[in-house]
Amino acid sequence: MKKPPLVLQTTTLWDYPSQHYGGGMQGDKDYTGATPSYVIWNLLSRYTAPGDLVVDPMAGSGTTLDVARDLGRRAAVFDLAPSRPEIEKADARKIPFPSSQADFVFIDPPYSTHVVYSDEPGCIGRLPAQEPEYYTAMRDVVKEIARILRPGRYMGLYVCDSFKKGEPFAPIGLGLFSILCDFFTPIDVVAVVRRNKSLKRNHWHSAAIEGNYFLRGFNYLFIMQKSGSKTRKSGPPDPRDPAETARHLAARAVPKREGKP
């Protein structure tokens, strides 16, 4: 199938018919749980500029690194179990990165215990999302992201809820969004259509109907902003900053007059 050209998504329902864009690939197609690269491409295109520094503390197969390079952004990527030399070994709960230096942070954390990421005993992917320990660990991760991000800049968290037949449903998205709101200002919530090959298996759908449960059809994408603002020289507003644009337009608005026009 020929991949269609990439375009900026303009609604809060994102979809693209391929895991990778363009003629090559970003990250590793065989890496279980890899982030769709067009999701990262959209975020970096909207919220960063060439030369900006992007950080991914759970880099997986390096999709964020490859997309950042495609767009002329710098990248610092970390993982507890690095899959390639460019990824530095680190726990996302203690990112070896200076405070207030990242221009954008993207993270795609484990969705409970669905995937075995590594043999590392401290891997968050070993923690069931039905238990409070998972959210305690993720709070530490979010706190670190808030530490390294520059004031006024943005981050994105991509996650899916968890359900296994015979186990309680775990609304991971809502739980992590609540944690994010303790550290950041919400900018938007996006639903990303899941194009998992497993969803094409008819017997999975028949079993879901028979068992009266739902298959995961979308991922959450939470876009958040760190409080504070950058010091800017006079001139046009930064188009990546909705608050700055709103202030600029408000300042140019003609005040209403009392009485008849």
# chains A, B, ... in the order shown; residues from 1 in each chain; ligands from 1

$ closest_atom_pairs --of "range 53-151 of chain A" --to "range 210-224 of chain A" --cutoff "12 Å" --atoms "only C-alpha atoms" --output "CSV"
residue,atom,partner,partner_atom,distance
A:Phe104,CA,A:Met224,CA,10.2
A:Val105,CA,A:Met224,CA,9.9
A:Phe106,CA,A:Ile223,CA,9.4
A:Ile107,CA,A:Leu221,CA,9.9
A:Asp108,CA,A:Leu221,CA,9.3
A:Pro109,CA,A:Leu221,CA,11.6
A:Tyr111,CA,A:Asn219,CA,10.4
A:Val142,CA,A:Met224,CA,11.1
A:Ile145,CA,A:Met224,CA,11.0
A:Ala146,CA,A:Met224,CA,10.2
A:Leu149,CA,A:Met224,CA,11.1
A:Pro151,CA,A:Met224,CA,11.7

$ residues_around --residues "range 34-44 of chain A" --least-positions-apart "4" --cutoff "9 Å" --atoms "only C-alpha atoms" --output "JSON, numbers by chain"
{"A": [6, 7, 8, 9, 14, 15, 16, 18, 19, 20, 21, 25, 26, 27, 28, 29, 30, 48, 49, 54, 60, 61, 62, 63, 64, 66, 67, 68, 70, 71, 73, 104, 106, 108, 155, 156, 158, 192, 221, 223]}

$ select_by_dssp --residues "range 40-234 of chain A" --states "strand (DSSP E or B)" --output "VMD selection string"
chain A and resid 53 to 56 74 to 79 88 to 89 102 to 107 149 to 159 162 170 185 to 193 218 to 225

$ write_last_selection --atoms "N, CA and C atoms" --output "short mmCIF file (atom, residue, chain, number, x, y, z; two decimals), in the first residue's frame"
data_model
loop_
_atom_site.label_atom_id
_atom_site.label_comp_id
_atom_site.auth_asym_id
_atom_site.auth_seq_id
_atom_site.Cartn_x
_atom_site.Cartn_y
_atom_site.Cartn_z
N LEU A 53 15.22 21.30 21.12
CA LEU A 53 15.69 20.06 21.74
C LEU A 53 14.51 19.24 22.26
N VAL A 54 14.35 18.04 21.72
CA VAL A 54 13.26 17.14 22.06
C VAL A 54 13.80 16.02 22.94
N VAL A 55 13.08 15.69 24.00
CA VAL A 55 13.51 14.62 24.91
C VAL A 55 12.44 13.53 24.96
N ASP A 56 12.86 12.28 24.91
CA ASP A 56 11.98 11.13 25.08
C ASP A 56 12.61 10.23 26.14
N ARG A 74 16.91 18.69 17.42
CA ARG A 74 17.87 17.92 18.21
C ARG A 74 17.09 16.98 19.13
N ALA A 75 17.72 15.91 19.56
CA ALA A 75 17.01 14.95 20.40
C ALA A 75 17.93 14.36 21.45
N ALA A 76 17.38 14.15 22.65
CA ALA A 76 18.04 13.41 23.72
C ALA A 76 17.08 12.32 24.14
N VAL A 77 17.46 11.06 23.95
CA VAL A 77 16.54 9.95 24.17
C VAL A 77 17.14 8.96 25.17
N PHE A 78 16.26 8.42 26.02
CA PHE A 78 16.70 7.54 27.11
C PHE A 78 15.76 6.34 27.20
N ASP A 79 16.26 5.26 27.75
CA ASP A 79 15.42 4.08 27.99
C ASP A 79 16.13 3.19 29.01
N GLU A 88 20.46 6.48 25.42
CA GLU A 88 21.21 6.39 26.67
C GLU A 88 20.41 5.62 27.71
N LYS A 89 21.08 4.74 28.44
CA LYS A 89 20.40 3.96 29.47
C LYS A 89 20.07 4.85 30.66
N ALA A 102 14.65 21.30 28.13
CA ALA A 102 13.99 20.63 27.00
C ALA A 102 12.93 21.55 26.39
N ASP A 103 12.88 21.58 25.07
CA ASP A 103 11.87 22.38 24.37
C ASP A 103 10.57 21.61 24.17
N PHE A 104 10.66 20.30 24.17
CA PHE A 104 9.47 19.45 24.06
C PHE A 104 9.82 18.08 24.63
N VAL A 105 8.86 17.45 25.29
CA VAL A 105 9.05 16.09 25.80
C VAL A 105 7.91 15.22 25.29
N PHE A 106 8.27 14.07 24.74
CA PHE A 106 7.27 13.08 24.33
C PHE A 106 7.52 11.80 25.10
N ILE A 107 6.43 11.15 25.51
CA ILE A 107 6.57 9.88 26.22
C ILE A 107 5.42 8.94 25.88
N LEU A 149 11.54 20.27 31.47
CA LEU A 149 10.91 21.05 30.41
C LEU A 149 11.05 22.55 30.69
N ARG A 150 11.28 23.32 29.66
CA ARG A 150 11.36 24.77 29.80
C ARG A 150 9.98 25.34 30.14
N PRO A 151 9.93 26.41 30.92
CA PRO A 151 8.64 27.07 31.19
C PRO A 151 7.98 27.53 29.89
N GLY A 152 6.67 27.31 29.82
CA GLY A 152 5.91 27.72 28.65
C GLY A 152 5.94 26.73 27.50
N ARG A 153 6.73 25.65 27.63
CA ARG A 153 6.83 24.69 26.53
C ARG A 153 5.90 23.49 26.75
N TYR A 154 5.87 22.58 25.80
CA TYR A 154 4.84 21.56 25.73
C TYR A 154 5.40 20.15 25.85
N MET A 155 4.51 19.21 26.22
CA MET A 155 4.84 17.80 26.23
C MET A 155 3.63 17.02 25.76
N GLY A 156 3.88 15.79 25.28
CA GLY A 156 2.80 14.91 24.85
C GLY A 156 2.96 13.54 25.48
N LEU A 157 1.87 12.98 25.96
CA LEU A 157 1.87 11.62 26.53
C LEU A 157 0.86 10.79 25.77
N TYR A 158 1.33 9.66 25.25
CA TYR A 158 0.53 8.77 24.41
C TYR A 158 0.30 7.47 25.18
N VAL A 159 -0.97 7.10 25.40
CA VAL A 159 -1.23 5.95 26.25
C VAL A 159 -2.57 5.31 25.91
N SER A 162 -6.18 -0.29 29.73
CA SER A 162 -5.79 -1.69 29.81
C SER A 162 -6.98 -2.57 30.14
N ALA A 170 -8.70 -1.22 33.56
CA ALA A 170 -7.85 -0.19 34.14
C ALA A 170 -7.87 1.05 33.24
N THR A 185 -0.64 22.42 32.53
CA THR A 185 -1.93 22.93 32.08
C THR A 185 -2.36 22.13 30.85
N PRO A 186 -3.58 21.58 30.84
CA PRO A 186 -4.03 20.83 29.65
C PRO A 186 -4.21 21.76 28.44
N ILE A 187 -3.72 21.31 27.31
CA ILE A 187 -3.91 22.03 26.06
C ILE A 187 -4.97 21.35 25.21
N ASP A 188 -4.91 20.02 25.11
CA ASP A 188 -5.96 19.28 24.39
C ASP A 188 -5.83 17.79 24.66
N VAL A 189 -6.91 17.08 24.37
CA VAL A 189 -6.95 15.63 24.48
C VAL A 189 -7.33 15.08 23.11
N VAL A 190 -6.48 14.22 22.56
CA VAL A 190 -6.67 13.67 21.22
C VAL A 190 -6.90 12.17 21.31
N ALA A 191 -7.80 11.65 20.47
CA ALA A 191 -7.98 10.20 20.33
C ALA A 191 -7.29 9.76 19.05
N VAL A 192 -6.37 8.82 19.17
CA VAL A 192 -5.61 8.32 18.02
C VAL A 192 -6.10 6.92 17.68
N VAL A 193 -6.58 6.73 16.47
CA VAL A 193 -7.11 5.43 16.05
C VAL A 193 -6.00 4.38 16.10
N PHE A 218 -8.65 2.93 20.43
CA PHE A 218 -7.95 4.21 20.32
C PHE A 218 -6.95 4.37 21.46
N ASN A 219 -6.00 5.24 21.23
CA ASN A 219 -5.06 5.68 22.28
C ASN A 219 -5.35 7.13 22.63
N TYR A 220 -5.12 7.49 23.87
CA TYR A 220 -5.16 8.89 24.26
C TYR A 220 -3.84 9.56 23.87
N LEU A 221 -3.93 10.82 23.49
CA LEU A 221 -2.77 11.67 23.36
C LEU A 221 -3.06 12.94 24.14
N PHE A 222 -2.37 13.11 25.26
CA PHE A 222 -2.56 14.29 26.11
C PHE A 222 -1.48 15.31 25.78
N ILE A 223 -1.90 16.50 25.41
CA ILE A 223 -0.98 17.59 25.11
C ILE A 223 -1.05 18.59 26.25
N MET A 224 0.08 18.83 26.90
CA MET A 224 0.13 19.63 28.11
C MET A 224 1.18 20.73 27.97
N GLN A 225 1.03 21.78 28.80
CA GLN A 225 1.98 22.89 28.78
C GLN A 225 2.48 23.17 30.19
#

$ closest_residue --among "A:Leu65, A:Val116, A:Cys160, A:Leu180" --to "Ala81 in chain A" --atoms "only C-alpha atoms"
A:Val116

$ select_by_dssp --residues "range 11-257 of chain A" --states "helix (DSSP H, G or I)" --output "NGL selection string"
:A and (37-47 or 63-70 or 124-126 or 132-148 or 172-181 or 197-200 or 202-211 or 242-252)

$ write_last_selection --atoms "C-alpha atoms" --output "PDB file, in the first residue's frame"
ATOM      1  CA  SER A  37       5.683   7.970  13.926  1.00  0.00           C
ATOM      2  CA  TYR A  38       3.075  10.292  12.401  1.00  0.00           C
ATOM      3  CA  VAL A  39       1.835  11.087  15.919  1.00  0.00           C
ATOM      4  CA  ILE A  40       5.265  12.378  16.920  1.00  0.00           C
ATOM      5  CA  TRP A  41       5.641  14.148  13.559  1.00  0.00           C
ATOM      6  CA  ASN A  42       2.416  16.080  14.146  1.00  0.00           C
ATOM      7  CA  LEU A  43       3.449  17.086  17.660  1.00  0.00           C
ATOM      8  CA  LEU A  44       6.929  18.248  16.699  1.00  0.00           C
ATOM      9  CA  SER A  45       5.608  20.081  13.638  1.00  0.00           C
ATOM     10  CA  ARG A  46       3.133  22.036  15.762  1.00  0.00           C
ATOM     11  CA  TYR A  47       5.006  22.620  19.010  1.00  0.00           C
ATOM     12  CA  THR A  63      11.003   6.598  16.856  1.00  0.00           C
ATOM     13  CA  THR A  64      11.189  10.051  18.466  1.00  0.00           C
ATOM     14  CA  LEU A  65      14.878  10.298  17.604  1.00  0.00           C
ATOM     15  CA  ASP A  66      14.254   9.497  13.927  1.00  0.00           C
ATOM     16  CA  VAL A  67      11.313  11.896  13.582  1.00  0.00           C
ATOM     17  CA  ALA A  68      13.279  14.675  15.291  1.00  0.00           C
ATOM     18  CA  ARG A  69      16.122  14.179  12.813  1.00  0.00           C
ATOM     19  CA  ASP A  70      13.686  14.233   9.883  1.00  0.00           C
ATOM     20  CA  ILE A 124       7.463   0.154  35.032  1.00  0.00           C
ATOM     21  CA  GLY A 125       6.053  -2.289  32.481  1.00  0.00           C
ATOM     22  CA  ARG A 126       6.198  -4.929  35.214  1.00  0.00           C
ATOM     23  CA  PRO A 132      -1.428   1.948  42.867  1.00  0.00           C
ATOM     24  CA  GLU A 133       2.300   1.238  42.422  1.00  0.00           C
ATOM     25  CA  TYR A 134       1.964   1.844  38.678  1.00  0.00           C
ATOM     26  CA  TYR A 135       0.558   5.350  39.189  1.00  0.00           C
ATOM     27  CA  THR A 136       3.090   6.135  41.909  1.00  0.00           C
ATOM     28  CA  ALA A 137       5.873   5.272  39.468  1.00  0.00           C
ATOM     29  CA  MET A 138       4.295   7.289  36.669  1.00  0.00           C
ATOM     30  CA  ARG A 139       3.874  10.296  38.973  1.00  0.00           C
ATOM     31  CA  ASP A 140       7.651  10.230  39.498  1.00  0.00           C
ATOM     32  CA  VAL A 141       8.116  10.155  35.715  1.00  0.00           C
ATOM     33  CA  VAL A 142       5.755  13.078  35.141  1.00  0.00           C
ATOM     34  CA  LYS A 143       7.481  15.063  37.894  1.00  0.00           C
ATOM     35  CA  GLU A 144      10.807  14.544  36.109  1.00  0.00           C
ATOM     36  CA  ILE A 145       9.314  15.695  32.812  1.00  0.00           C
ATOM     37  CA  ALA A 146       8.088  18.855  34.512  1.00  0.00           C
ATOM     38  CA  ARG A 147      11.588  19.416  35.896  1.00  0.00           C
ATOM     39  CA  ILE A 148      13.437  19.177  32.577  1.00  0.00           C
ATOM     40  CA  ILE A 172      -4.940   4.278  32.564  1.00  0.00           C
ATOM     41  CA  GLY A 173      -5.631   7.329  30.429  1.00  0.00           C
ATOM     42  CA  LEU A 174      -7.821   9.013  33.030  1.00  0.00           C
ATOM     43  CA  GLY A 175      -5.427   8.108  35.821  1.00  0.00           C
ATOM     44  CA  LEU A 176      -2.400   9.565  34.042  1.00  0.00           C
ATOM     45  CA  PHE A 177      -4.312  12.645  32.907  1.00  0.00           C
ATOM     46  CA  SER A 178      -5.148  13.377  36.542  1.00  0.00           C
ATOM     47  CA  ILE A 179      -1.443  13.158  37.414  1.00  0.00           C
ATOM     48  CA  LEU A 180      -0.459  15.358  34.463  1.00  0.00           C
ATOM     49  CA  CYS A 181      -2.887  18.054  35.608  1.00  0.00           C
ATOM     50  CA  LYS A 197      -2.964  -5.945  13.218  1.00  0.00           C
ATOM     51  CA  SER A 198      -4.749  -7.988  15.874  1.00  0.00           C
ATOM     52  CA  LEU A 199      -7.875  -5.857  15.421  1.00  0.00           C
ATOM     53  CA  LYS A 200      -8.238  -7.320  11.922  1.00  0.00           C
ATOM     54  CA  ASN A 202     -12.484 -11.618  13.015  1.00  0.00           C
ATOM     55  CA  HIS A 203     -12.423 -14.142  15.863  1.00  0.00           C
ATOM     56  CA  TRP A 204     -11.261 -11.398  18.236  1.00  0.00           C
ATOM     57  CA  HIS A 205     -14.377  -9.389  17.414  1.00  0.00           C
ATOM     58  CA  SER A 206     -16.621 -12.443  17.723  1.00  0.00           C
ATOM     59  CA  ALA A 207     -15.123 -13.187  21.133  1.00  0.00           C
ATOM     60  CA  ALA A 208     -15.634  -9.563  22.230  1.00  0.00           C
ATOM     61  CA  ILE A 209     -19.335  -9.789  21.348  1.00  0.00           C
ATOM     62  CA  GLU A 210     -19.741 -13.181  22.990  1.00  0.00           C
ATOM     63  CA  GLY A 211     -17.889 -12.067  26.122  1.00  0.00           C
ATOM     64  CA  PRO A 242      -1.990  29.626  21.774  1.00  0.00           C
ATOM     65  CA  ALA A 243      -1.950  31.835  24.884  1.00  0.00           C
ATOM     66  CA  GLU A 244       0.495  34.286  23.316  1.00  0.00           C
ATOM     67  CA  THR A 245      -1.534  34.406  20.126  1.00  0.00           C
ATOM     68  CA  ALA A 246      -4.729  35.111  22.090  1.00  0.00           C
ATOM     69  CA  ARG A 247      -3.050  37.969  23.975  1.00  0.00           C
ATOM     70  CA  HIS A 248      -1.756  39.404  20.709  1.00  0.00           C
ATOM     71  CA  LEU A 249      -5.206  39.353  19.106  1.00  0.00           C
ATOM     72  CA  ALA A 250      -6.845  40.808  22.221  1.00  0.00           C
ATOM     73  CA  ALA A 251      -4.387  43.704  22.227  1.00  0.00           C
ATOM     74  CA  ARG A 252      -5.220  44.483  18.577  1.00  0.00           C
TER      75      ARG A 252
END

$ atom_distance --atom1 "CA of Asp91 in chain A" --atom2 "CA of Pro171 in chain A"
24.0 Å
